[in-house]
>>> print(open('data.txt').read())   # compact mmCIF, N, CA and C atoms
# COMPACT_ATOMS: atom_id res chain seq x y z
N MET O 27 93.52 100.36 109.33
CA MET O 27 94.70 100.08 108.52
C MET O 27 95.39 101.40 108.20
N LYS O 28 96.70 101.40 108.21
CA LYS O 28 97.46 102.61 107.94
C LYS O 28 97.28 103.06 106.50
N LYS O 29 97.38 104.37 106.30
CA LYS O 29 97.25 104.91 104.94
C LYS O 29 98.40 104.46 104.06
N THR O 30 99.53 104.10 104.68
CA THR O 30 100.67 103.60 103.91
C THR O 30 100.27 102.35 103.14
N LEU O 31 99.40 101.53 103.70
CA LEU O 31 98.97 100.30 103.04
C LEU O 31 97.64 100.47 102.31
N LEU O 32 96.71 101.15 102.93
CA LEU O 32 95.35 101.23 102.40
C LEU O 32 95.27 102.01 101.09
N SER O 33 95.88 103.19 101.04
CA SER O 33 95.73 104.02 99.85
C SER O 33 96.38 103.41 98.59
N PRO O 34 97.61 102.83 98.66
CA PRO O 34 98.12 102.21 97.44
C PRO O 34 97.34 100.96 97.04
N LEU O 35 96.84 100.22 98.03
CA LEU O 35 96.04 99.04 97.69
C LEU O 35 94.75 99.44 96.98
N CYS O 36 94.11 100.50 97.44
CA CYS O 36 92.88 100.96 96.78
C CYS O 36 93.18 101.45 95.37
N SER O 37 94.30 102.18 95.20
CA SER O 37 94.65 102.66 93.86
C SER O 37 95.07 101.53 92.95
N GLY O 38 95.75 100.53 93.50
CA GLY O 38 96.27 99.45 92.68
C GLY O 38 95.29 98.34 92.41
N LEU O 39 94.45 98.03 93.39
CA LEU O 39 93.56 96.88 93.24
C LEU O 39 92.12 97.24 92.95
N VAL O 40 91.72 98.45 93.25
CA VAL O 40 90.32 98.83 93.03
C VAL O 40 90.23 99.74 91.80
N ILE O 41 90.55 101.02 91.97
CA ILE O 41 90.48 101.99 90.87
C ILE O 41 91.60 103.01 91.07
N PRO O 42 92.38 103.28 90.03
CA PRO O 42 93.38 104.33 90.16
C PRO O 42 92.72 105.66 90.52
N GLY O 43 93.25 106.33 91.52
CA GLY O 43 92.71 107.59 92.00
C GLY O 43 92.00 107.46 93.33
N LEU O 44 91.56 106.27 93.68
CA LEU O 44 90.86 106.07 94.95
C LEU O 44 91.80 106.27 96.13
N GLY O 45 93.05 105.89 95.99
CA GLY O 45 94.01 106.11 97.06
C GLY O 45 94.25 107.59 97.32
N GLN O 46 94.24 108.39 96.26
CA GLN O 46 94.40 109.83 96.43
C GLN O 46 93.20 110.42 97.16
N VAL O 47 92.02 109.94 96.86
CA VAL O 47 90.81 110.40 97.56
C VAL O 47 90.91 110.05 99.04
N LEU O 48 91.38 108.84 99.35
CA LEU O 48 91.55 108.44 100.75
C LEU O 48 92.62 109.27 101.46
N ASN O 49 93.60 109.76 100.71
CA ASN O 49 94.65 110.61 101.28
C ASN O 49 94.24 112.09 101.30
N HIS O 50 92.99 112.38 101.01
CA HIS O 50 92.42 113.73 101.03
C HIS O 50 92.99 114.63 99.93
N HIS O 51 93.41 114.05 98.83
CA HIS O 51 93.79 114.81 97.63
C HIS O 51 92.66 114.63 96.61
N LEU O 52 91.56 115.33 96.85
CA LEU O 52 90.35 115.10 96.06
C LEU O 52 90.51 115.49 94.60
N LYS O 53 91.14 116.63 94.31
CA LYS O 53 91.27 117.06 92.92
C LYS O 53 92.11 116.07 92.13
N LYS O 54 93.24 115.66 92.70
CA LYS O 54 94.11 114.71 92.01
C LYS O 54 93.41 113.35 91.86
N GLY O 55 92.72 112.91 92.91
CA GLY O 55 92.01 111.64 92.86
C GLY O 55 90.90 111.64 91.83
N LEU O 56 90.12 112.71 91.79
CA LEU O 56 89.03 112.80 90.82
C LEU O 56 89.58 112.89 89.39
N LEU O 57 90.70 113.59 89.22
CA LEU O 57 91.31 113.66 87.89
C LEU O 57 91.78 112.28 87.44
N LEU O 58 92.41 111.52 88.33
CA LEU O 58 92.85 110.17 87.97
C LEU O 58 91.66 109.25 87.71
N LEU O 59 90.61 109.40 88.49
CA LEU O 59 89.39 108.61 88.24
C LEU O 59 88.79 108.95 86.88
N LEU O 60 88.78 110.23 86.53
CA LEU O 60 88.24 110.66 85.24
C LEU O 60 89.10 110.14 84.09
N VAL O 61 90.42 110.23 84.22
CA VAL O 61 91.31 109.71 83.18
C VAL O 61 91.10 108.21 83.00
N THR O 62 90.97 107.49 84.11
CA THR O 62 90.74 106.04 84.04
C THR O 62 89.41 105.74 83.35
N LEU O 63 88.38 106.50 83.67
CA LEU O 63 87.07 106.29 83.05
C LEU O 63 87.12 106.56 81.55
N VAL O 64 87.76 107.65 81.16
CA VAL O 64 87.86 107.99 79.73
C VAL O 64 88.65 106.92 78.98
N LEU O 65 89.75 106.46 79.55
CA LEU O 65 90.54 105.41 78.89
C LEU O 65 89.74 104.11 78.78
N PHE O 66 89.00 103.77 79.83
CA PHE O 66 88.20 102.55 79.81
C PHE O 66 87.10 102.64 78.75
N ILE O 67 86.41 103.77 78.69
CA ILE O 67 85.36 103.94 77.69
C ILE O 67 85.95 103.91 76.28
N SER O 68 87.11 104.55 76.09
CA SER O 68 87.78 104.52 74.77
C SER O 68 88.13 103.10 74.36
N LEU O 69 88.61 102.33 75.32
CA LEU O 69 88.96 100.93 75.04
C LEU O 69 87.72 100.13 74.64
N ILE O 70 86.64 100.29 75.37
CA ILE O 70 85.41 99.56 75.07
C ILE O 70 84.86 99.95 73.71
N VAL O 71 84.85 101.25 73.40
CA VAL O 71 84.34 101.71 72.11
C VAL O 71 85.18 101.16 70.97
N HIS O 72 86.50 101.18 71.13
CA HIS O 72 87.37 100.68 70.06
C HIS O 72 87.21 99.16 69.88
N LEU O 73 87.13 98.43 70.99
CA LEU O 73 86.91 96.98 70.88
C LEU O 73 85.55 96.67 70.26
N TYR O 74 84.55 97.47 70.58
CA TYR O 74 83.24 97.31 69.96
C TYR O 74 83.34 97.51 68.44
N GLY O 75 84.12 98.50 68.03
CA GLY O 75 84.31 98.75 66.60
C GLY O 75 84.96 97.56 65.90
N ILE O 76 85.93 96.93 66.55
CA ILE O 76 86.58 95.75 65.98
C ILE O 76 85.59 94.60 65.86
N VAL O 77 84.82 94.36 66.91
CA VAL O 77 83.84 93.26 66.89
C VAL O 77 82.78 93.53 65.82
N LYS O 78 82.32 94.77 65.72
CA LYS O 78 81.33 95.12 64.70
C LYS O 78 81.91 94.90 63.30
N PHE O 79 83.17 95.28 63.09
CA PHE O 79 83.85 95.10 61.82
C PHE O 79 83.92 93.61 61.46
N ILE O 80 84.22 92.76 62.43
CA ILE O 80 84.30 91.31 62.19
C ILE O 80 82.92 90.75 61.85
N VAL O 81 81.90 91.17 62.58
CA VAL O 81 80.55 90.65 62.36
C VAL O 81 80.00 91.11 61.01
N GLU O 82 80.34 92.31 60.59
CA GLU O 82 79.86 92.82 59.30
C GLU O 82 80.60 92.22 58.11
N ASN O 83 81.74 91.61 58.33
CA ASN O 83 82.53 90.99 57.26
C ASN O 83 82.81 89.52 57.57
N PRO O 84 81.76 88.70 57.68
CA PRO O 84 81.99 87.30 58.09
C PRO O 84 82.76 86.48 57.06
N GLN O 85 82.67 86.85 55.79
CA GLN O 85 83.39 86.09 54.78
C GLN O 85 84.89 86.35 54.83
N ALA O 86 85.30 87.54 55.24
CA ALA O 86 86.72 87.88 55.29
C ALA O 86 87.35 87.58 56.65
N TYR O 87 86.57 87.72 57.72
CA TYR O 87 87.11 87.54 59.07
C TYR O 87 86.18 86.63 59.87
N SER O 88 86.67 85.48 60.21
CA SER O 88 85.87 84.55 61.00
C SER O 88 86.05 84.85 62.49
N LEU O 89 85.27 84.19 63.31
CA LEU O 89 85.34 84.41 64.75
C LEU O 89 86.34 83.48 65.44
N ASP O 90 87.24 82.89 64.69
CA ASP O 90 88.30 82.11 65.30
C ASP O 90 89.48 83.05 65.62
N PRO O 91 90.43 82.61 66.40
CA PRO O 91 91.54 83.50 66.78
C PRO O 91 92.31 84.09 65.58
N ASP O 92 92.49 83.33 64.52
CA ASP O 92 93.21 83.85 63.36
C ASP O 92 92.43 84.98 62.69
N GLY O 93 91.12 84.81 62.53
CA GLY O 93 90.29 85.85 61.92
C GLY O 93 90.24 87.11 62.78
N ILE O 94 90.16 86.93 64.07
CA ILE O 94 90.14 88.08 64.97
C ILE O 94 91.47 88.83 64.91
N MET O 95 92.57 88.10 64.88
CA MET O 95 93.89 88.76 64.81
C MET O 95 94.07 89.49 63.48
N ARG O 96 93.57 88.93 62.39
CA ARG O 96 93.66 89.62 61.10
C ARG O 96 92.85 90.91 61.12
N ALA O 97 91.64 90.85 61.69
CA ALA O 97 90.81 92.06 61.80
C ALA O 97 91.45 93.07 62.75
N PHE O 98 92.06 92.60 63.79
CA PHE O 98 92.74 93.48 64.74
C PHE O 98 93.87 94.24 64.06
N LYS O 99 94.63 93.56 63.22
CA LYS O 99 95.75 94.20 62.52
C LYS O 99 95.28 95.24 61.51
N VAL O 100 94.10 95.02 60.93
CA VAL O 100 93.55 95.96 59.96
C VAL O 100 92.94 97.18 60.66
N HIS O 101 92.47 97.00 61.87
CA HIS O 101 91.65 98.00 62.56
C HIS O 101 92.45 98.81 63.59
N GLN O 102 93.51 99.46 63.21
CA GLN O 102 94.32 100.36 64.03
C GLN O 102 94.73 99.79 65.40
N PRO O 103 95.62 98.80 65.40
CA PRO O 103 96.03 98.25 66.69
C PRO O 103 96.85 99.23 67.53
N TRP O 104 97.48 100.21 66.90
CA TRP O 104 98.28 101.18 67.64
C TRP O 104 97.44 101.96 68.64
N PHE O 105 96.15 102.18 68.32
CA PHE O 105 95.27 102.90 69.23
C PHE O 105 95.08 102.14 70.53
N LEU O 106 94.90 100.83 70.42
CA LEU O 106 94.76 100.01 71.62
C LEU O 106 96.05 100.00 72.43
N TYR O 107 97.18 99.95 71.75
CA TYR O 107 98.47 99.98 72.45
C TYR O 107 98.64 101.29 73.22
N ILE O 108 98.23 102.39 72.63
CA ILE O 108 98.33 103.69 73.30
C ILE O 108 97.42 103.73 74.52
N ILE O 109 96.20 103.23 74.38
CA ILE O 109 95.26 103.21 75.51
C ILE O 109 95.82 102.36 76.65
N VAL O 110 96.33 101.19 76.33
CA VAL O 110 96.89 100.31 77.37
C VAL O 110 98.11 100.95 78.02
N ALA O 111 98.97 101.60 77.22
CA ALA O 111 100.15 102.27 77.77
C ALA O 111 99.75 103.42 78.69
N LEU O 112 98.78 104.23 78.26
CA LEU O 112 98.33 105.35 79.09
C LEU O 112 97.68 104.86 80.38
N PHE O 113 96.89 103.80 80.28
CA PHE O 113 96.28 103.24 81.48
C PHE O 113 97.34 102.70 82.43
N SER O 114 98.35 102.03 81.89
CA SER O 114 99.43 101.49 82.73
C SER O 114 100.18 102.61 83.44
N ILE O 115 100.48 103.68 82.72
CA ILE O 115 101.18 104.82 83.32
C ILE O 115 100.32 105.45 84.41
N THR O 116 99.03 105.62 84.14
CA THR O 116 98.11 106.19 85.13
C THR O 116 98.05 105.31 86.37
N TRP O 117 97.96 104.01 86.17
CA TRP O 117 97.86 103.07 87.28
C TRP O 117 99.13 103.10 88.14
N ILE O 118 100.29 103.03 87.50
CA ILE O 118 101.55 103.04 88.24
C ILE O 118 101.72 104.36 88.99
N TYR O 119 101.44 105.48 88.32
CA TYR O 119 101.54 106.77 88.98
C TYR O 119 100.61 106.84 90.19
N SER O 120 99.39 106.34 90.03
CA SER O 120 98.41 106.39 91.10
C SER O 120 98.88 105.60 92.33
N VAL O 121 99.42 104.42 92.09
CA VAL O 121 99.87 103.58 93.21
C VAL O 121 101.07 104.22 93.91
N VAL O 122 102.06 104.68 93.14
CA VAL O 122 103.26 105.27 93.73
C VAL O 122 102.92 106.56 94.48
N ASP O 123 102.08 107.40 93.86
CA ASP O 123 101.69 108.65 94.51
C ASP O 123 100.92 108.38 95.80
N ALA O 124 100.00 107.44 95.78
CA ALA O 124 99.23 107.10 96.99
C ALA O 124 100.16 106.56 98.07
N LEU O 125 101.14 105.77 97.70
CA LEU O 125 102.09 105.23 98.67
C LEU O 125 102.94 106.34 99.29
N VAL O 126 103.47 107.21 98.46
CA VAL O 126 104.33 108.30 98.96
C VAL O 126 103.56 109.20 99.92
N TYR O 127 102.36 109.63 99.52
CA TYR O 127 101.58 110.50 100.39
C TYR O 127 101.01 109.76 101.58
N GLY O 128 100.74 108.47 101.46
CA GLY O 128 100.31 107.68 102.61
C GLY O 128 101.40 107.60 103.66
N ILE O 129 102.63 107.40 103.23
CA ILE O 129 103.77 107.38 104.16
C ILE O 129 103.91 108.74 104.83
N LYS O 130 103.78 109.81 104.04
CA LYS O 130 103.90 111.16 104.58
C LYS O 130 102.81 111.43 105.62
N LEU O 131 101.58 111.04 105.32
CA LEU O 131 100.47 111.25 106.27
C LEU O 131 100.65 110.43 107.54
N ASP O 132 101.12 109.19 107.40
CA ASP O 132 101.36 108.36 108.58
C ASP O 132 102.45 108.96 109.47
N ARG O 133 103.50 109.52 108.85
CA ARG O 133 104.57 110.16 109.64
C ARG O 133 104.04 111.39 110.36
N GLN O 134 103.19 112.17 109.68
CA GLN O 134 102.62 113.36 110.32
C GLN O 134 101.72 112.97 111.48
N GLU O 135 100.92 111.91 111.32
CA GLU O 135 100.05 111.45 112.40
C GLU O 135 100.86 110.95 113.58
N LYS O 136 101.93 110.22 113.29
CA LYS O 136 102.79 109.69 114.36
C LYS O 136 103.47 110.83 115.10
N LYS O 137 103.93 111.83 114.34
CA LYS O 137 104.60 112.98 114.94
C LYS O 137 103.63 113.76 115.82
N SER O 138 102.41 113.98 115.34
CA SER O 138 101.43 114.74 116.13
C SER O 138 100.98 113.95 117.36
N SER O 139 100.89 112.63 117.25
CA SER O 139 100.51 111.84 118.44
C SER O 139 101.64 111.82 119.45
N ASN O 140 102.89 111.80 119.00
CA ASN O 140 104.02 111.86 119.93
C ASN O 140 104.09 113.22 120.63
N GLU O 141 103.78 114.30 119.90
CA GLU O 141 103.78 115.62 120.48
C GLU O 141 102.65 115.77 121.51
N SER O 142 101.50 115.18 121.23
CA SER O 142 100.38 115.28 122.17
C SER O 142 100.63 114.44 123.41
N LEU O 143 101.38 113.35 123.29
CA LEU O 143 101.72 112.54 124.45
C LEU O 143 102.76 113.24 125.34
N SER O 144 103.64 113.98 124.73
CA SER O 144 104.69 114.65 125.49
C SER O 144 104.15 115.88 126.21
N ASN O 145 103.00 116.41 125.77
CA ASN O 145 102.42 117.58 126.44
C ASN O 145 101.56 117.19 127.55
>>> encode(input="data.txt", output="structure tokens")
Amino acid sequence: MKKTLLSPLCSGLVIPGLGQVLNHHLKKGLLLLLVTLVLFISLIVHLYGIVKFIVENPQAYSLDPDGIMRAFKVHQPWFLYIIVALFSITWIYSVVDALVYGIKLDRQEKKSSNESLSN
């Protein structure tokens, strides 16, 4: 499969940064993978804190959707919004970057194969 298709699909559907690794941009790919991992761990830790807060205060916050939403509003919802926004930006950047460099690599391969055929 061409890098034009494979690298953005890997970045978009598997893990952001994987397309960069496939395009031989290891530093950029590893950085995007690290950012994704840190954001994911931050999200899990924050959600764990909300669940723990709900479980420790059963009289004030029940496990129904209304109780969860009340606890969510009390427990810094802006932090989750920032994490989701940063992850979305990272994901979109990863897909677009992998697509652009995949197209560039495919053009270089096509150009080099045409030059080798003409020689």
>>> residues_around(input="data.txt", residues="region 48-65 of chain O", least_positions_apart="6", cutoff="7 Å", atoms="all atoms listed in the file", output="VMD selection string")
chain O and resid 33 41 to 42 109 113 127 to 128
>>> residues_near_point(input="data.txt", point="(91.9, 93.5, 61.4)", cutoff="10 Å", atoms="only C-alpha atoms", output="list in words")
Ile76, Val77, Phe79, Ile80, Ala86, Tyr87, Asp92, Gly93, Ile94, Met95, Arg96, Ala97, Phe98, Lys99, Val100, His101, Gln102 and Pro103 of chain O
>>> atom_distance(input="data.txt", atom1="atom N of Asp132 (chain O)", atom2="CA of Thr116 (chain O)")
22.7 Å
>>> atom_distance(input="data.txt", atom1="CA of Val121 (chain O)", atom2="CA of Phe66 (chain O)")
17.8 Å
>>> residues_around(input="data.txt", residues="Val110 (chain O)", least_positions_apart="5", cutoff="9 Å", atoms="only C-alpha atoms", output="PDB file with N, CA and C atoms, keeping the file's coordinate frame")
ATOM      1  N   LEU O  65      89.750 106.460  79.550  1.00  0.00           N
ATOM      2  CA  LEU O  65      90.540 105.410  78.890  1.00  0.00           C
ATOM      3  C   LEU O  65      89.740 104.110  78.780  1.00  0.00           C
ATOM      4  N   LEU O  69      88.610 102.330  75.320  1.00  0.00           N
ATOM      5  CA  LEU O  69      88.960 100.930  75.040  1.00  0.00           C
ATOM      6  C   LEU O  69      87.720 100.130  74.640  1.00  0.00           C
ATOM      7  N   PHE O 105      96.150 102.180  68.320  1.00  0.00           N
ATOM      8  CA  PHE O 105      95.270 102.900  69.230  1.00  0.00           C
ATOM      9  C   PHE O 105      95.080 102.140  70.530  1.00  0.00           C
ATOM     10  N   ILE O 115     100.480 103.680  82.720  1.00  0.00           N
ATOM     11  CA  ILE O 115     101.180 104.820  83.320  1.00  0.00           C
ATOM     12  C   ILE O 115     100.320 105.450  84.410  1.00  0.00           C
TER      13      ILE O 115
END
>>> atom_distance(input="data.txt", atom1="CA of Val40 (chain O)", atom2="CA of Trp117 (chain O)")
10.4 Å
>>> build_atoms(input="data.txt", residues="region 60-77 of chain O", atoms="N, CA, C and O atoms", output="compact mmCIF listing (two decimals), keeping the file's coordinate frame")
# COMPACT_ATOMS: atom_id res chain seq x y z
N LEU O 60 88.78 110.23 86.53
CA LEU O 60 88.24 110.66 85.24
C LEU O 60 89.10 110.14 84.09
O LEU O 60 88.56 109.64 83.09
N VAL O 61 90.42 110.23 84.22
CA VAL O 61 91.31 109.71 83.18
C VAL O 61 91.10 108.21 83.00
O VAL O 61 91.01 107.72 81.87
N THR O 62 90.97 107.49 84.11
CA THR O 62 90.74 106.04 84.04
C THR O 62 89.41 105.74 83.35
O THR O 62 89.34 104.85 82.50
N LEU O 63 88.38 106.50 83.67
CA LEU O 63 87.07 106.29 83.05
C LEU O 63 87.12 106.56 81.55
O LEU O 63 86.59 105.78 80.75
N VAL O 64 87.76 107.65 81.16
CA VAL O 64 87.86 107.99 79.73
C VAL O 64 88.65 106.92 78.98
O VAL O 64 88.25 106.50 77.88
N LEU O 65 89.75 106.46 79.55
CA LEU O 65 90.54 105.41 78.89
C LEU O 65 89.74 104.11 78.78
O LEU O 65 89.78 103.43 77.75
N PHE O 66 89.00 103.77 79.83
CA PHE O 66 88.20 102.55 79.81
C PHE O 66 87.10 102.64 78.75
O PHE O 66 86.89 101.69 77.98
N ILE O 67 86.41 103.77 78.69
CA ILE O 67 85.36 103.94 77.69
C ILE O 67 85.95 103.91 76.28
O ILE O 67 85.39 103.30 75.37
N SER O 68 87.11 104.55 76.09
CA SER O 68 87.78 104.52 74.77
C SER O 68 88.13 103.10 74.36
O SER O 68 87.96 102.71 73.21
N LEU O 69 88.61 102.33 75.32
CA LEU O 69 88.96 100.93 75.04
C LEU O 69 87.72 100.13 74.64
O LEU O 69 87.75 99.40 73.64
N ILE O 70 86.64 100.29 75.37
CA ILE O 70 85.41 99.56 75.07
C ILE O 70 84.86 99.95 73.71
O ILE O 70 84.46 99.09 72.91
N VAL O 71 84.85 101.25 73.40
CA VAL O 71 84.34 101.71 72.11
C VAL O 71 85.18 101.16 70.97
O VAL O 71 84.65 100.70 69.95
N HIS O 72 86.50 101.18 71.13
CA HIS O 72 87.37 100.68 70.06
C HIS O 72 87.21 99.16 69.88
O HIS O 72 87.15 98.68 68.75
N LEU O 73 87.13 98.43 70.99
CA LEU O 73 86.91 96.98 70.88
C LEU O 73 85.55 96.67 70.26
O LEU O 73 85.42 95.73 69.48
N TYR O 74 84.55 97.47 70.58
CA TYR O 74 83.24 97.31 69.96
C TYR O 74 83.34 97.51 68.44
O TYR O 74 82.73 96.77 67.66
N GLY O 75 84.12 98.50 68.03
CA GLY O 75 84.31 98.75 66.60
C GLY O 75 84.96 97.56 65.90
O GLY O 75 84.59 97.21 64.78
N ILE O 76 85.93 96.93 66.55
CA ILE O 76 86.58 95.75 65.98
C ILE O 76 85.59 94.60 65.86
O ILE O 76 85.51 93.93 64.83
N VAL O 77 84.82 94.36 66.91
CA VAL O 77 83.84 93.26 66.89
C VAL O 77 82.78 93.53 65.82
O VAL O 77 82.41 92.63 65.06
